[in-house]
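Coordinates as given in data-v4.pdb (PDB, C-alpha atoms and all ligand atoms):
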ATOM      1  CA  MET A 214       0.000   0.000   0.000  1.00  0.00           C
ATOM      2  CA  LYS A 215       1.427   3.362  -1.026  1.00  0.00           C
ATOM      3  CA  ILE A 216       0.871   6.221   1.423  1.00  0.00           C
ATOM      4  CA  ALA A 217       1.724   9.892   0.916  1.00  0.00           C
ATOM      5  CA  VAL A 218       1.304  12.770   3.336  1.00  0.00           C
ATOM      6  CA  VAL A 219       1.262  16.442   2.400  1.00  0.00           C
ATOM      7  CA  TYR A 220       2.158  18.536   5.430  1.00  0.00           C
ATOM      8  CA  ASN A 221       3.272  21.821   6.901  1.00  0.00           C
ATOM      9  CA  SER A 222       5.037  21.771  10.258  1.00  0.00           C
ATOM     10  CA  VAL A 223       6.763  25.064  10.928  1.00  0.00           C
ATOM     11  CA  HIS A 224       6.552  25.855  14.635  1.00  0.00           C
ATOM     12  CA  HIS A 225       8.451  23.108  16.482  1.00  0.00           C
ATOM     13  CA  LYS A 226       8.072  20.322  13.900  1.00  0.00           C
ATOM     14  CA  ASN A 227       5.553  18.731  16.255  1.00  0.00           C
ATOM     15  CA  THR A 228       3.393  17.491  13.400  1.00  0.00           C
ATOM     16  CA  LEU A 229       6.433  16.102  11.615  1.00  0.00           C
ATOM     17  CA  LYS A 230       7.354  14.171  14.799  1.00  0.00           C
ATOM     18  CA  VAL A 231       3.917  12.554  14.698  1.00  0.00           C
ATOM     19  CA  LEU A 232       4.302  11.679  11.016  1.00  0.00           C
ATOM     20  CA  ASN A 233       7.764  10.226  11.608  1.00  0.00           C
ATOM     21  CA  ALA A 234       6.314   8.023  14.357  1.00  0.00           C
ATOM     22  CA  MET A 235       3.631   6.814  11.952  1.00  0.00           C
ATOM     23  CA  ARG A 236       6.354   6.142   9.409  1.00  0.00           C
ATOM     24  CA  GLU A 237       7.923   3.657  11.807  1.00  0.00           C
ATOM     25  CA  GLU A 238       4.793   1.550  11.344  1.00  0.00           C
ATOM     26  CA  ARG A 239       3.906   2.161   7.708  1.00  0.00           C
ATOM     27  CA  GLU A 240       6.063   3.147   4.790  1.00  0.00           C
ATOM     28  CA  MET A 241       4.991   6.602   3.702  1.00  0.00           C
ATOM     29  CA  ASP A 242       6.292   9.426   1.572  1.00  0.00           C
ATOM     30  CA  LEU A 243       6.192  12.804   3.298  1.00  0.00           C
ATOM     31  CA  PHE A 244       5.960  15.936   1.175  1.00  0.00           C
ATOM     32  CA  THR A 245       5.913  19.571   2.167  1.00  0.00           C
ATOM     33  CA  VAL A 246       3.314  21.542   0.246  1.00  0.00           C
ATOM     34  CA  ALA A 247       6.050  22.925  -2.030  1.00  0.00           C
ATOM     35  CA  GLN A 248       7.351  19.422  -2.791  1.00  0.00           C
ATOM     36  CA  ALA A 249       3.874  17.971  -3.276  1.00  0.00           C
ATOM     37  CA  LYS A 250       3.125  20.305  -6.177  1.00  0.00           C
ATOM     38  CA  ASP A 251       5.307  18.094  -8.383  1.00  0.00           C
ATOM     39  CA  VAL A 252       3.926  14.790  -7.105  1.00  0.00           C
ATOM     40  CA  ASP A 253       1.293  12.639  -8.806  1.00  0.00           C
ATOM     41  CA  LEU A 254      -0.907  11.774  -5.837  1.00  0.00           C
ATOM     42  CA  SER A 255      -3.059   9.471  -7.956  1.00  0.00           C
ATOM     43  CA  ALA A 256      -0.175   6.981  -7.686  1.00  0.00           C
ATOM     44  CA  TYR A 257      -0.936   6.595  -3.952  1.00  0.00           C
ATOM     45  CA  ASP A 258      -3.557   4.390  -2.322  1.00  0.00           C
ATOM     46  CA  VAL A 259      -3.878   6.673   0.711  1.00  0.00           C
ATOM     47  CA  VAL A 260      -3.093  10.369   1.062  1.00  0.00           C
ATOM     48  CA  GLY A 261      -2.797  12.192   4.384  1.00  0.00           C
ATOM     49  CA  PHE A 262      -2.964  15.934   5.032  1.00  0.00           C
ATOM     50  CA  ALA A 263      -1.228  17.250   8.132  1.00  0.00           C
ATOM     51  CA  SER A 264      -0.384  20.496   9.868  1.00  0.00           C
ATOM     52  CA  GLY A 265      -0.069  22.390  13.102  1.00  0.00           C
ATOM     53  CA  ILE A 266      -2.921  24.713  14.003  1.00  0.00           C
ATOM     54  CA  TYR A 267      -2.142  28.375  13.485  1.00  0.00           C
ATOM     55  CA  MET A 268      -4.533  31.114  14.631  1.00  0.00           C
ATOM     56  CA  ASN A 269      -7.364  28.631  15.097  1.00  0.00           C
ATOM     57  CA  LYS A 270      -6.945  27.191  11.622  1.00  0.00           C
ATOM     58  CA  PHE A 271      -5.519  24.236   9.800  1.00  0.00           C
ATOM     59  CA  ASP A 272      -2.528  25.476   7.828  1.00  0.00           C
ATOM     60  CA  GLN A 273      -3.678  27.670   4.958  1.00  0.00           C
ATOM     61  CA  SER A 274      -1.127  26.301   2.471  1.00  0.00           C
ATOM     62  CA  VAL A 275      -2.320  22.732   3.078  1.00  0.00           C
ATOM     63  CA  LEU A 276      -5.954  23.840   2.730  1.00  0.00           C
ATOM     64  CA  SER A 277      -5.110  25.626  -0.486  1.00  0.00           C
ATOM     65  CA  PHE A 278      -3.304  22.518  -1.739  1.00  0.00           C
ATOM     66  CA  ILE A 279      -6.403  20.412  -1.008  1.00  0.00           C
ATOM     67  CA  GLY A 280      -8.525  22.986  -2.827  1.00  0.00           C
ATOM     68  CA  HIS A 281      -6.452  22.686  -5.997  1.00  0.00           C
ATOM     69  CA  ALA A 282      -5.525  18.999  -5.785  1.00  0.00           C
ATOM     70  CA  SER A 283      -6.995  16.637  -8.330  1.00  0.00           C
ATOM     71  CA  LEU A 284      -7.959  13.745  -6.105  1.00  0.00           C
ATOM     72  CA  LYS A 285      -9.783  10.816  -7.604  1.00  0.00           C
ATOM     73  CA  THR A 286     -13.320  10.005  -6.487  1.00  0.00           C
ATOM     74  CA  GLY A 287     -13.164   7.659  -3.515  1.00  0.00           C
ATOM     75  CA  GLN A 288      -9.522   8.562  -2.795  1.00  0.00           C
ATOM     76  CA  LYS A 289      -8.705   7.312   0.695  1.00  0.00           C
ATOM     77  CA  VAL A 290      -7.508  10.196   2.852  1.00  0.00           C
ATOM     78  CA  PHE A 291      -6.709  10.981   6.458  1.00  0.00           C
ATOM     79  CA  ILE A 292      -6.030  14.106   8.506  1.00  0.00           C
ATOM     80  CA  VAL A 293      -3.402  14.765  11.166  1.00  0.00           C
ATOM     81  CA  TYR A 294      -2.930  17.868  13.265  1.00  0.00           C
ATOM     82  CA  THR A 295      -1.176  19.046  16.416  1.00  0.00           C
ATOM     83  CA  CYS A 296      -2.266  22.065  18.435  1.00  0.00           C
ATOM     84  CA  GLY A 297      -1.504  23.818  21.700  1.00  0.00           C
ATOM     85  CA  VAL A 298      -4.997  23.617  23.155  1.00  0.00           C
ATOM     86  CA  PRO A 299      -7.275  20.965  21.665  1.00  0.00           C
ATOM     87  CA  TYR A 300     -10.582  22.494  22.671  1.00  0.00           C
ATOM     88  CA  ARG A 301     -12.301  22.203  19.307  1.00  0.00           C
ATOM     89  CA  ASP A 302     -12.349  20.183  16.123  1.00  0.00           C
ATOM     90  CA  TYR A 303      -9.735  21.876  13.960  1.00  0.00           C
ATOM     91  CA  ALA A 304     -10.142  19.308  11.201  1.00  0.00           C
ATOM     92  CA  SER A 305     -13.654  20.372  10.231  1.00  0.00           C
ATOM     93  CA  LYS A 306     -12.494  22.572   7.327  1.00  0.00           C
ATOM     94  CA  PRO A 307     -10.186  20.069   5.593  1.00  0.00           C
ATOM     95  CA  ARG A 308     -12.722  17.326   6.296  1.00  0.00           C
ATOM     96  CA  LYS A 309     -15.456  19.326   4.551  1.00  0.00           C
ATOM     97  CA  MET A 310     -13.180  20.099   1.595  1.00  0.00           C
ATOM     98  CA  LEU A 311     -12.183  16.461   1.199  1.00  0.00           C
ATOM     99  CA  LYS A 312     -15.806  15.325   1.390  1.00  0.00           C
ATOM    100  CA  GLU A 313     -16.700  17.825  -1.323  1.00  0.00           C
ATOM    101  CA  LYS A 314     -14.022  16.181  -3.445  1.00  0.00           C
ATOM    102  CA  ASN A 315     -15.739  12.827  -2.845  1.00  0.00           C
ATOM    103  CA  CYS A 316     -12.793  11.413  -0.930  1.00  0.00           C
ATOM    104  CA  MET A 317     -13.163   8.615   1.586  1.00  0.00           C
ATOM    105  CA  LEU A 318     -12.013   9.854   4.993  1.00  0.00           C
ATOM    106  CA  LEU A 319     -10.316   7.061   6.935  1.00  0.00           C
ATOM    107  CA  GLY A 320      -9.876   9.074  10.118  1.00  0.00           C
ATOM    108  CA  THR A 321      -8.432  12.073  11.910  1.00  0.00           C
ATOM    109  CA  PHE A 322      -5.558  12.049  14.397  1.00  0.00           C
ATOM    110  CA  CYS A 323      -4.791  14.930  16.708  1.00  0.00           C
ATOM    111  CA  CYS A 324      -2.639  15.541  19.752  1.00  0.00           C
ATOM    112  CA  ARG A 325      -1.145  18.480  21.600  1.00  0.00           C
ATOM    113  CA  GLY A 326       2.116  20.033  20.409  1.00  0.00           C
ATOM    114  CA  PHE A 327       4.579  22.226  22.307  1.00  0.00           C
ATOM    115  CA  ASP A 328       3.444  25.805  21.777  1.00  0.00           C
ATOM    116  CA  THR A 329       5.539  28.905  22.372  1.00  0.00           C
ATOM    117  CA  PHE A 330       3.469  31.244  20.249  1.00  0.00           C
ATOM    118  CA  GLY A 331       2.989  34.842  21.460  1.00  0.00           C
ATOM    119  CA  PRO A 332       2.401  35.252  25.202  1.00  0.00           C
ATOM    120  CA  PHE A 333       2.988  31.552  25.837  1.00  0.00           C
ATOM    121  CA  ALA A 334       6.709  32.125  25.186  1.00  0.00           C
ATOM    122  CA  LYS A 335       6.887  34.236  28.349  1.00  0.00           C
ATOM    123  CA  ILE A 336       5.829  31.295  30.490  1.00  0.00           C
ATOM    124  CA  GLY A 337       8.091  28.829  28.705  1.00  0.00           C
ATOM    125  CA  GLY A 338       5.364  27.578  26.420  1.00  0.00           C
ATOM    126  CA  ILE A 339       2.406  25.253  26.895  1.00  0.00           C
ATOM    127  CA  ALA A 340       1.896  21.583  26.074  1.00  0.00           C
ATOM    128  CA  LYS A 341       5.513  20.984  27.071  1.00  0.00           C
ATOM    129  CA  GLY A 342       6.740  17.520  26.200  1.00  0.00           C
ATOM    130  CA  HIS A 343       4.104  17.035  23.490  1.00  0.00           C
ATOM    131  CA  PRO A 344       3.901  15.127  21.311  1.00  0.00           C
ATOM    132  CA  SER A 345       4.705  12.780  24.181  1.00  0.00           C
ATOM    133  CA  GLU A 346       5.617   9.104  24.017  1.00  0.00           C
ATOM    134  CA  THR A 347       1.949   8.332  24.623  1.00  0.00           C
ATOM    135  CA  ASP A 348       0.904  10.663  21.789  1.00  0.00           C
ATOM    136  CA  LEU A 349       3.364   8.978  19.445  1.00  0.00           C
ATOM    137  CA  ARG A 350       2.154   5.542  20.494  1.00  0.00           C
ATOM    138  CA  ARG A 351      -1.420   6.647  19.769  1.00  0.00           C
ATOM    139  CA  ALA A 352      -0.263   7.930  16.376  1.00  0.00           C
ATOM    140  CA  LYS A 353       1.207   4.524  15.584  1.00  0.00           C
ATOM    141  CA  TYR A 354      -2.002   2.766  16.598  1.00  0.00           C
ATOM    142  CA  PHE A 355      -3.960   5.191  14.460  1.00  0.00           C
ATOM    143  CA  ILE A 356      -2.023   4.573  11.260  1.00  0.00           C
ATOM    144  CA  CYS A 357      -2.081   0.818  11.813  1.00  0.00           C
ATOM    145  CA  ASP A 358      -5.808   0.956  12.441  1.00  0.00           C
ATOM    146  CA  ILE A 359      -6.756   2.898   9.300  1.00  0.00           C
ATOM    147  CA  THR A 360      -4.423   1.242   6.795  1.00  0.00           C
TER
HETATM  148  C1  LIG B   1       1.442  31.464  14.756  1.00  0.00           C
HETATM  149  C2  LIG B   1       0.900  30.338  15.638  1.00  0.00           C
HETATM  150  C3  LIG B   1      -0.445  30.313  15.938  1.00  0.00           C
HETATM  151  C4  LIG B   1      -0.967  29.277  16.728  1.00  0.00           C
HETATM  152  N1  LIG B   1      -2.314  29.241  16.980  1.00  0.00           N
HETATM  153  C5  LIG B   1      -2.839  28.211  17.691  1.00  0.00           C
HETATM  154  C6  LIG B   1      -4.234  28.145  17.909  1.00  0.00           C
HETATM  155  O1  LIG B   1      -5.016  28.977  17.464  1.00  0.00           O
HETATM  156  N2  LIG B   1      -4.717  27.100  18.642  1.00  0.00           N
HETATM  157  C7  LIG B   1      -3.886  26.130  19.150  1.00  0.00           C
HETATM  158  O2  LIG B   1      -4.382  25.212  19.813  1.00  0.00           O
HETATM  159  N3  LIG B   1      -2.544  26.174  18.933  1.00  0.00           N
HETATM  160  C8  LIG B   1      -2.009  27.175  18.217  1.00  0.00           C
HETATM  161  N4  LIG B   1      -0.651  27.216  17.975  1.00  0.00           N
HETATM  162  C9  LIG B   1       0.190  26.128  18.487  1.00  0.00           C
HETATM  163  C10 LIG B   1       0.493  25.086  17.419  1.00  0.00           C
HETATM  164  O3  LIG B   1      -0.693  24.630  16.792  1.00  0.00           O
HETATM  165  C11 LIG B   1       1.189  23.867  18.022  1.00  0.00           C
HETATM  166  O4  LIG B   1       2.365  24.253  18.679  1.00  0.00           O
HETATM  167  C12 LIG B   1       1.490  22.859  16.940  1.00  0.00           C
HETATM  168  O5  LIG B   1       1.927  21.660  17.530  1.00  0.00           O
HETATM  169  C13 LIG B   1       2.520  23.362  15.968  1.00  0.00           C
HETATM  170  O6  LIG B   1       2.777  22.370  15.022  1.00  0.00           O
HETATM  171  P1  LIG B   1       4.154  22.343  14.199  1.00  0.00           P
HETATM  172  O7  LIG B   1       5.287  22.320  15.195  1.00  0.00           O
HETATM  173  O8  LIG B   1       4.039  21.090  13.397  1.00  0.00           O
HETATM  174  O9  LIG B   1       4.136  23.572  13.346  1.00  0.00           O
HETATM  175  C14 LIG B   1      -0.104  28.250  17.231  1.00  0.00           C
HETATM  176  C15 LIG B   1       1.261  28.312  16.925  1.00  0.00           C
HETATM  177  C16 LIG B   1       1.762  29.328  16.146  1.00  0.00           C
HETATM  178  C17 LIG B   1       3.240  29.368  15.817  1.00  0.00           C
END

Rewrite the structure from the file as structure tokens, please.
Amino acid sequence: MKIAVVYNSVHHKNTLKVLNAMREEREMDLFTVAQAKDVDLSAYDVVGFASGIYMNKFDQSVLSFIGHASLKTGQKVFIVYTCGVPYRDYASKPRKMLKEKNCMLLGTFCCRGFDTFGPFAKIGGIAKGHPSETDLRRAKYFICDIT
């Protein structure tokens, strides 16, 4: 099974840590948005979309990529995100976009990620130690479960 993930992980590479943990369980090709522009995603059985959460939103460049991507009907997809404070469903936008493209959503994984944005820097950040070993173990279970 061929798996690709298109991601953006700019703050502390928290999301990339999660993807690398998943990659220990399943072979997968990871592409930044810039790299993914030259990739034929139709060659993959499963495509993931992943990012940190910035200003209450899934990364805009990943959303824009989804908007322009030519994904085949029934394409199996999944969503991954990390955020400082997981108090709401940050995957609702990409999920809606992928449904509109008639993709088959296999699941969504999220966990907290170390966050030193803005005022949080003054207190040494929040969600210290995340993604934790437990988060990464959950990530591995997730990818094994959906693929
Ligand atoms: C500019 C910026 C804005 C952020 N906004 C939010 C936010 O609205 N909600 C939240 O829970 N976390 C927020 N965070 C924290 C990140 O989502 C969190 O640290 C995430 O794990 C970063 O992922 P990354 O290291 O893969 O980029 C923000 C971080 C940055 C840098």

If we count all atoms listed in the file, what is near range 300-307 of chain A at a cut-off of 7 Å, once residues fewer than 2 positions away on the same chain are taken out, given as a VMD selection string?
chain A and resid 270 to 271 276 298 309 to 311

Going by the chain IDs and residue numbers used in this file, which residues fall under the PyMOL selection byres (((not hetatm)) within 7 of (chain B and resi 1))? Write them as a list in words.
Asn221, Ser222, Val223, His224, His225, Lys226, Asn227, Thr228, Leu229, Ser264, Gly265, Ile266, Tyr267, Met268, Asn269, Lys270, Thr295, Cys296, Gly297, Val298, Pro299, Arg325, Gly326, Phe327, Asp328, Thr329 and Phe330 of chain A

Please produce a file of those selected residues containing C-alpha atoms, as a tab-separated table (two decimals), keeping the file's coordinate frame.
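Printed below is result-v2.tsv as written:
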chain	number	residue	atom	x	y	z
A	221	ASN	CA	3.27	21.82	6.90
A	222	SER	CA	5.04	21.77	10.26
A	223	VAL	CA	6.76	25.06	10.93
A	224	HIS	CA	6.55	25.86	14.64
A	225	HIS	CA	8.45	23.11	16.48
A	226	LYS	CA	8.07	20.32	13.90
A	227	ASN	CA	5.55	18.73	16.26
A	228	THR	CA	3.39	17.49	13.40
A	229	LEU	CA	6.43	16.10	11.62
A	264	SER	CA	-0.38	20.50	9.87
A	265	GLY	CA	-0.07	22.39	13.10
A	266	ILE	CA	-2.92	24.71	14.00
A	267	TYR	CA	-2.14	28.38	13.48
A	268	MET	CA	-4.53	31.11	14.63
A	269	ASN	CA	-7.36	28.63	15.10
A	270	LYS	CA	-6.94	27.19	11.62
A	295	THR	CA	-1.18	19.05	16.42
A	296	CYS	CA	-2.27	22.06	18.43
A	297	GLY	CA	-1.50	23.82	21.70
A	298	VAL	CA	-5.00	23.62	23.16
A	299	PRO	CA	-7.28	20.96	21.66
A	325	ARG	CA	-1.14	18.48	21.60
A	326	GLY	CA	2.12	20.03	20.41
A	327	PHE	CA	4.58	22.23	22.31
A	328	ASP	CA	3.44	25.80	21.78
A	329	THR	CA	5.54	28.90	22.37
A	330	PHE	CA	3.47	31.24	20.25

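Coordinates place CA of Gly280 in chain A at a distance of 27.2 Å from CA of Ala234 in chain A.
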
Pick out the closest residue to Ser274 in chain A from this set: A:Thr245, A:Gly287, A:Gly320, A:Glu238. Count all atoms listed in the file.
A:Thr245

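Straight-line separation from CA of Val246 in chain A to CA of Leu232 in chain A: 14.6 Å.
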
Distance in Å - CA of Arg308 in chain A versus CA of Gly261 in chain A:
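Between CA of Arg308 in chain A and CA of Gly261 in chain A the gap works out to 11.3 Å.
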
Residues matched by the PyMOL selection byres (((chain A and resi 288) around 7) and not hetatm), written as a list of chain:residue names
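Applying the PyMOL selection byres (((chain A and resi 288) around 7) and not hetatm) to the structure shown produces A:Val259, A:Leu284, A:Lys285, A:Thr286, A:Gly287, A:Lys289, A:Val290, A:Cys316, A:Met317.
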